[in-house]
Each structure stands twice: as C-alpha cells, then as structure tokens.
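Coordinates from work21.txt are shown below (compact mmCIF, C-alpha atoms).
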# COMPACT_ATOMS: atom_id res chain seq x y z
CA MET A 1 137.26 183.71 47.63
CA ILE A 2 138.22 187.34 47.74
CA GLN A 3 138.37 189.51 44.64
CA VAL A 4 141.30 191.87 44.15
CA ASN A 5 141.27 194.85 41.80
CA SER A 6 144.95 195.80 41.58
CA LEU A 7 148.38 194.90 42.91
CA GLN A 8 148.03 197.55 45.60
CA ASP A 9 144.60 196.17 46.58
CA PHE A 10 146.11 192.66 46.78
CA ASN A 11 149.02 193.87 48.93
CA ASN A 12 146.59 195.65 51.27
CA LYS A 13 144.39 192.56 51.65
CA ILE A 14 147.30 190.21 52.40
CA ARG A 15 148.93 192.52 54.92
CA ASN A 16 147.97 190.34 57.92
CA GLN A 17 148.04 187.00 56.08
CA THR A 18 150.82 184.44 56.08
CA ASP A 19 149.57 181.53 53.96
CA PHE A 20 147.28 182.29 51.02
CA TRP A 21 146.60 181.68 47.34
CA LEU A 22 145.97 183.92 44.33
CA LEU A 23 144.08 182.76 41.24
CA ILE A 24 144.90 184.77 38.15
CA TYR A 25 142.34 183.99 35.47
CA LYS A 26 140.43 185.44 32.54
CA THR A 27 136.63 185.50 32.44
CA ASN A 28 135.05 184.03 29.32
CA SER A 29 137.90 181.52 28.99
CA GLU A 30 136.79 177.91 29.31
CA GLN A 31 139.93 176.82 31.21
CA SER A 32 139.78 179.84 33.52
CA ASN A 33 136.08 179.40 34.26
CA CYS A 34 136.73 175.72 34.99
CA ALA A 35 139.56 176.57 37.41
CA HIS A 36 137.50 179.27 39.13
CA ARG A 37 134.57 176.84 39.64
CA SER A 38 136.75 173.99 40.94
CA ILE A 39 138.75 176.23 43.27
CA SER A 40 135.62 177.93 44.59
CA GLU A 41 134.03 174.54 45.33
CA ALA A 42 137.23 173.32 47.04
CA VAL A 43 137.38 176.48 49.18
CA ASP A 44 133.75 175.92 50.23
CA LYS A 45 134.58 172.35 51.29
CA VAL A 46 137.81 173.19 53.13
CA GLY A 47 136.30 176.11 55.02
CA GLN A 48 137.04 179.68 55.92
CA ASP A 49 140.65 179.12 56.99
CA THR A 50 141.71 178.95 53.34
CA ASN A 51 142.46 182.40 51.96
CA VAL A 52 142.12 182.43 48.19
CA PHE A 53 142.20 185.70 46.30
CA PHE A 54 141.35 186.07 42.63
CA ALA A 55 142.11 188.59 39.91
CA ASP A 56 140.66 188.75 36.39
CA VAL A 57 143.33 189.84 33.88
CA ASN A 58 140.60 191.54 31.84
CA ASN A 59 140.37 194.11 34.64
CA VAL A 60 143.59 193.75 36.65
CA ARG A 61 146.71 194.24 34.59
CA ASP A 62 149.44 194.87 37.17
CA ILE A 63 149.50 191.60 39.16
CA HIS A 64 150.50 188.95 36.59
CA PRO A 65 153.68 190.78 35.47
CA GLU A 66 154.73 191.10 39.13
CA TYR A 67 154.85 187.27 39.44
CA SER A 68 155.91 186.51 35.83
CA VAL A 69 152.59 184.82 35.01
CA THR A 70 152.37 184.31 31.25
CA SER A 71 149.33 182.04 30.98
CA VAL A 72 145.99 181.76 32.73
CA PRO A 73 144.54 180.23 34.75
CA SER A 74 147.42 180.21 37.22
CA LEU A 75 147.08 179.57 40.94
CA LEU A 76 149.89 181.14 42.97
CA LYS A 77 150.87 179.77 46.36
CA PHE A 78 152.24 181.92 49.19
CA GLU A 79 153.69 180.52 52.43
CA ASN A 80 154.84 182.78 55.24
CA SER A 81 153.99 185.68 52.92
CA GLU A 82 156.54 184.46 50.34
CA PHE A 83 155.66 183.48 46.78
CA LYS A 84 156.32 179.71 46.55
CA GLY A 85 155.01 178.49 43.19
CA ILE A 86 152.42 178.32 40.43
CA TYR A 87 149.85 175.64 39.57
CA LYS A 88 148.63 176.10 36.00
CA GLY A 89 145.46 175.07 34.20
CA CYS A 90 142.21 173.64 35.47
CA ASN A 91 142.07 170.61 37.75
CA ASP A 92 139.26 168.79 39.51
CA VAL A 93 137.99 169.77 42.95
CA SER A 94 139.86 166.94 44.74
CA TYR A 95 143.17 168.25 43.38
CA TYR A 96 142.54 171.68 44.89
CA LEU A 97 141.25 170.16 48.13
CA THR A 98 144.62 168.46 48.49
CA LEU A 99 146.46 171.72 47.85
CA PHE A 100 144.35 173.71 50.30
CA SER A 101 144.16 171.16 53.11
CA ASP A 102 146.53 171.76 55.94
CA SER A 103 149.29 169.21 56.33
CA PHE A 104 147.26 167.96 59.28
CA TYR A 105 143.55 167.37 58.90
CA THR A 106 141.62 167.55 62.15
CA ALA A 107 138.17 166.03 62.37
CA SER A 108 135.70 167.21 64.95
CA ASN A 109 135.37 165.16 68.10
CA SER A 110 132.38 165.45 70.40
CA GLY A 111 134.33 164.20 73.39
CA SER A 112 132.10 161.17 73.89
CA GLU A 113 133.81 159.31 71.06
CA LYS A 114 136.64 156.89 71.75
CA SER A 115 140.16 158.03 70.90
CA GLN A 116 141.36 157.39 67.39
CA LYS A 117 144.47 155.52 66.31
CA SER A 118 147.31 157.53 64.80
CA VAL A 119 147.01 157.89 60.99
CA THR A 120 149.67 159.21 58.62
CA VAL A 121 149.16 159.39 54.86
CA TYR A 122 152.03 159.66 52.36
CA SER A 123 150.77 161.17 49.13
CA THR A 124 151.32 163.53 46.20
CA PRO A 125 148.85 166.20 45.00
CA THR A 126 148.47 164.67 41.52
CA CYS A 127 147.78 161.10 42.71
CA SER A 128 144.08 160.31 42.26
CA TRP A 129 144.17 157.33 44.67
CA CYS A 130 145.85 159.54 47.29
CA ASN A 131 143.07 162.11 46.95
CA ARG A 132 140.45 159.37 47.14
CA LEU A 133 142.03 157.97 50.33
CA LYS A 134 142.17 161.38 52.01
CA SER A 135 138.58 162.15 51.00
CA TYR A 136 137.51 158.79 52.44
CA LEU A 137 139.23 159.58 55.75
CA ARG A 138 137.69 163.07 55.88
CA ASP A 139 134.23 161.67 55.06
CA ASN A 140 134.61 159.30 58.04
CA ASN A 141 135.90 162.08 60.35
CA ILE A 142 139.30 160.44 60.72
CA LYS A 143 142.15 162.73 61.82
CA PHE A 144 145.30 162.24 59.79
CA LYS A 145 148.66 163.76 59.10
CA ASN A 146 149.32 164.21 55.38
CA ILE A 147 152.90 164.15 54.11
CA ASP A 148 153.47 165.28 50.52
CA VAL A 149 156.42 163.12 49.42
CA SER A 150 156.81 165.16 46.22
CA LYS A 151 158.06 168.04 48.40
CA ASP A 152 159.74 166.15 51.25
CA GLN A 153 162.62 163.95 50.04
CA LYS A 154 163.49 162.70 53.53
CA ALA A 155 159.88 161.61 54.14
CA ALA A 156 159.86 159.85 50.75
CA GLU A 157 163.04 157.96 51.70
CA ASP A 158 161.58 157.03 55.10
CA MET A 159 158.40 155.81 53.40
CA VAL A 160 160.36 153.54 51.02
CA LYS A 161 162.54 152.28 53.88
CA ARG A 162 159.46 151.42 55.94
CA SER A 163 157.41 149.69 53.23
CA GLY A 164 159.91 148.72 50.55
CA GLN A 165 157.58 150.42 48.05
CA GLN A 166 157.82 153.74 46.20
CA GLY A 167 154.18 154.04 45.13
CA VAL A 168 151.62 156.24 46.83
CA PRO A 169 149.32 156.40 48.63
CA GLN A 170 150.78 154.75 51.64
CA SER A 171 149.41 155.07 55.12
CA ILE A 172 150.44 154.10 58.59
CA ILE A 173 147.59 153.28 60.93
CA ALA A 174 148.55 152.45 64.52
CA GLY A 175 152.02 151.49 63.32
CA GLN A 176 150.86 149.23 60.47
CA VAL A 177 151.82 150.14 56.90
CA ILE A 178 149.18 149.99 54.17
CA VAL A 179 150.30 150.39 50.55
CA GLY A 180 147.56 151.71 48.25
CA PHE A 181 143.94 152.40 49.12
CA ASP A 182 143.07 149.08 50.79
CA LYS A 183 139.63 150.02 52.11
CA THR A 184 139.05 146.69 53.86
CA LYS A 185 142.32 146.88 55.81
CA ILE A 186 141.78 150.58 56.62
CA ASP A 187 138.25 149.90 57.88
CA THR A 188 139.47 146.99 60.01
CA LEU A 189 142.34 148.97 61.59
CA LEU A 190 140.14 152.02 62.26
CA GLY A 191 137.07 150.07 63.34
CA LEU A 192 134.85 151.56 60.62

Let me see the file written as structure tokens.
Amino acid sequence: MIQVNSLQDFNNKIRNQTDFWLLIYKTNSEQSNCAHRSISEAVDKVGQDTNVFFADVNNVRDIHPEYSVTSVPSLLKFENSEFKGIYKGCNDVSYYLTLFSDSFYTASNSGSEKSQKSVTVYSTPTCSWCNRLKSYLRDNNIKFKNIDVSKDQKAAEDMVKRSGQQGVPQSIIAGQVIVGFDKTKIDTLLGL
C-alpha cells in the first residue's frame, strides 16, 4: 500500500497507472483501522500487481472532496484511470481479495504438471460461498476465470440459461455445471 499526502501527490503517483484503488480513511477510527488492516492483508495475499493507495483525512484534506467522499472508510476503484465507484465501511479480507483479484486468476505451473481442465466461476463480491470457492481454488493452485454477475447482466443471463438457477456461486468445470460449493464434485472433476 502506498501512502499519499495530497491530491497532487496522488495524481503524480498514478500518472503511469491504469487500474488502482484509493483507501480514504481516518486513523483512530475503529471502522477505518479495520478497513486498513483487512485491505493491507488482502494486498499482501494478492501480490504486488495490486496498486492500493491510502490517504488519512486527518492529514490529507483535498482528496475526499474531489471524489465526493462523505464518510470513511471509503475504498475508491479506478479502471483505465477513470473513477468507477466506492466501497464503504470495513469488510473481511476475503471480500477485498475478491475485489483485488484479476478477473482471471492464474496459478503457477512448473511445466511438469498435467494440463488443467477449464474452470469458470460465476460469483458476486458479497457472496461468502463464492469467496470460499475461489479461495479453495487458489489454495489448490487451480486456474480459473471469475465472472462477477453483479456487474455483467449478459453473463448472469447466460448462467441462468445454462443451469436454470439464479444463485451463486456457480462454476463450470470441463463443461459441467456445478451450482454452489460442492467440494466433492469439484474435487472429482479436477482430480484433487
């Protein structure tokens, strides 16, 4: 996480960035400290490709008015250098992991391992079972494509058409649809 000291400092630091986050928080606030801890832990788990900046409103007074932030903690999302939205309050680490993870998670492969079946996960950021499923796949070094159906209406419609179900998580492993986090079926299809 990268500290910023003013709006100008923030603009200088993001000059060569396209996708990044900004946490606006207030030290000595229980909610803000909680958000800072959870986000910091999520960033450590996701790795260095996640650019998260942070500004303490006790010291930095020109950023929050720029983005109409009226309460802290607020996590601002930027895609292609454009401000896209705000996530307010404190959430657990798995919530932020979902936000920070790329839409495609790539596990390491030593080259001696056999090829993996195609895995697609349909999820939403606030779904605890979705986050559990994705964490399980990451823990087992399974590559998967994550589709956030809360932001992609066409994908949500395709998901319902394919399974007949609206609930998430849903996954497709080697062409087979799994509704929910059915660990036994997932393990069988992936050979875990």

Exercise. Between A:Ser40, A:Thr70, A:Val57, A:Gln166, which is the closest to Gln153 (chain A) once you count all atoms listed in the file?
Worked result: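 Ranked by minimum distance to Gln153 (chain A), first place goes to A:Gln166.
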
For this session: With a distance cut-off of 7 Å and only C-alpha atoms, select the neighbouring residues of Ala42 (chain A), excluding the residue or stretch itself and same-chain residues fewer than 4 positions from it, and output the selection as a list of chain:residue names.
Result: A:Ser38, A:Val46, A:Val93, A:Tyr96, A:Leu97

Problem set entry | d(CA of Ile86 (chain A), CA of Asp56 (chain A)) in Å |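 Atom-to-atom, CA of Ile86 (chain A) to CA of Asp56 (chain A), that is 16.2 Å.
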
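Interatomic distance, CA of Met159 (chain A) against CA of Leu190 (chain A): 20.6 Å.
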
For this session: Select, from A:Ile63, A:Val168, A:Ile14, A:Leu99, the residue with the minimum atom-to-atom distance to Asn80 (chain A), counting all atoms listed in the file.
Result: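 Looking only at the distances to Asn80 (chain A), the closest residue turns out to be A:Ile14.
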
For this session: Pick out the residues sitting within 9 Å of region 123-128 of chain A, and hand them over as a ChimeraX atom specification; count all atoms listed in the file, and ignore anything fewer than 6 positions along from it in its own chain.
Result: /A:94-96,98-99,146-151,167-171

For this session: Find, counting only C-alpha atoms, the residue in A:Ser135, A:Asn141, A:Gln176, A:Ser71 that gets nearest to Thr120 (chain A).
Result: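 Smallest distance to Thr120 (chain A) is found for A:Gln176.
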
Can region 160-173 of chain A be brought up to N, CA and C atoms and written out as a compact mmCIF listing (two decimals), keeping the file's coordinate frame?
# COMPACT_ATOMS: atom_id res chain seq x y z
N VAL A 160 159.84 154.69 51.77
CA VAL A 160 160.36 153.54 51.02
C VAL A 160 161.07 152.57 51.97
N LYS A 161 161.82 153.11 52.92
CA LYS A 161 162.54 152.28 53.88
C LYS A 161 161.55 151.44 54.71
N ARG A 162 160.45 152.07 55.09
CA ARG A 162 159.46 151.42 55.94
C ARG A 162 158.69 150.33 55.20
N SER A 163 158.29 150.61 53.95
CA SER A 163 157.41 149.69 53.23
C SER A 163 158.10 148.87 52.15
N GLY A 164 159.26 149.36 51.68
CA GLY A 164 159.91 148.72 50.55
C GLY A 164 159.26 149.09 49.22
N GLN A 165 158.33 150.02 49.24
CA GLN A 165 157.58 150.42 48.05
C GLN A 165 157.74 151.93 47.81
N GLN A 166 157.74 152.32 46.53
CA GLN A 166 157.82 153.74 46.20
C GLN A 166 156.46 154.36 45.89
N GLY A 167 155.49 153.53 45.55
CA GLY A 167 154.18 154.04 45.13
C GLY A 167 153.40 154.68 46.26
N VAL A 168 152.54 155.60 45.89
CA VAL A 168 151.62 156.24 46.83
C VAL A 168 150.20 155.99 46.36
N PRO A 169 149.22 156.02 47.23
CA PRO A 169 149.32 156.40 48.63
C PRO A 169 149.85 155.26 49.49
N GLN A 170 150.44 155.67 50.57
CA GLN A 170 150.78 154.75 51.64
C GLN A 170 150.29 155.37 52.93
N SER A 171 149.86 154.55 53.84
CA SER A 171 149.41 155.07 55.12
C SER A 171 149.94 154.20 56.23
N ILE A 172 150.05 154.82 57.38
CA ILE A 172 150.44 154.10 58.59
C ILE A 172 149.31 154.31 59.58
N ILE A 173 148.69 153.22 59.97
CA ILE A 173 147.59 153.28 60.93
C ILE A 173 148.00 152.45 62.14
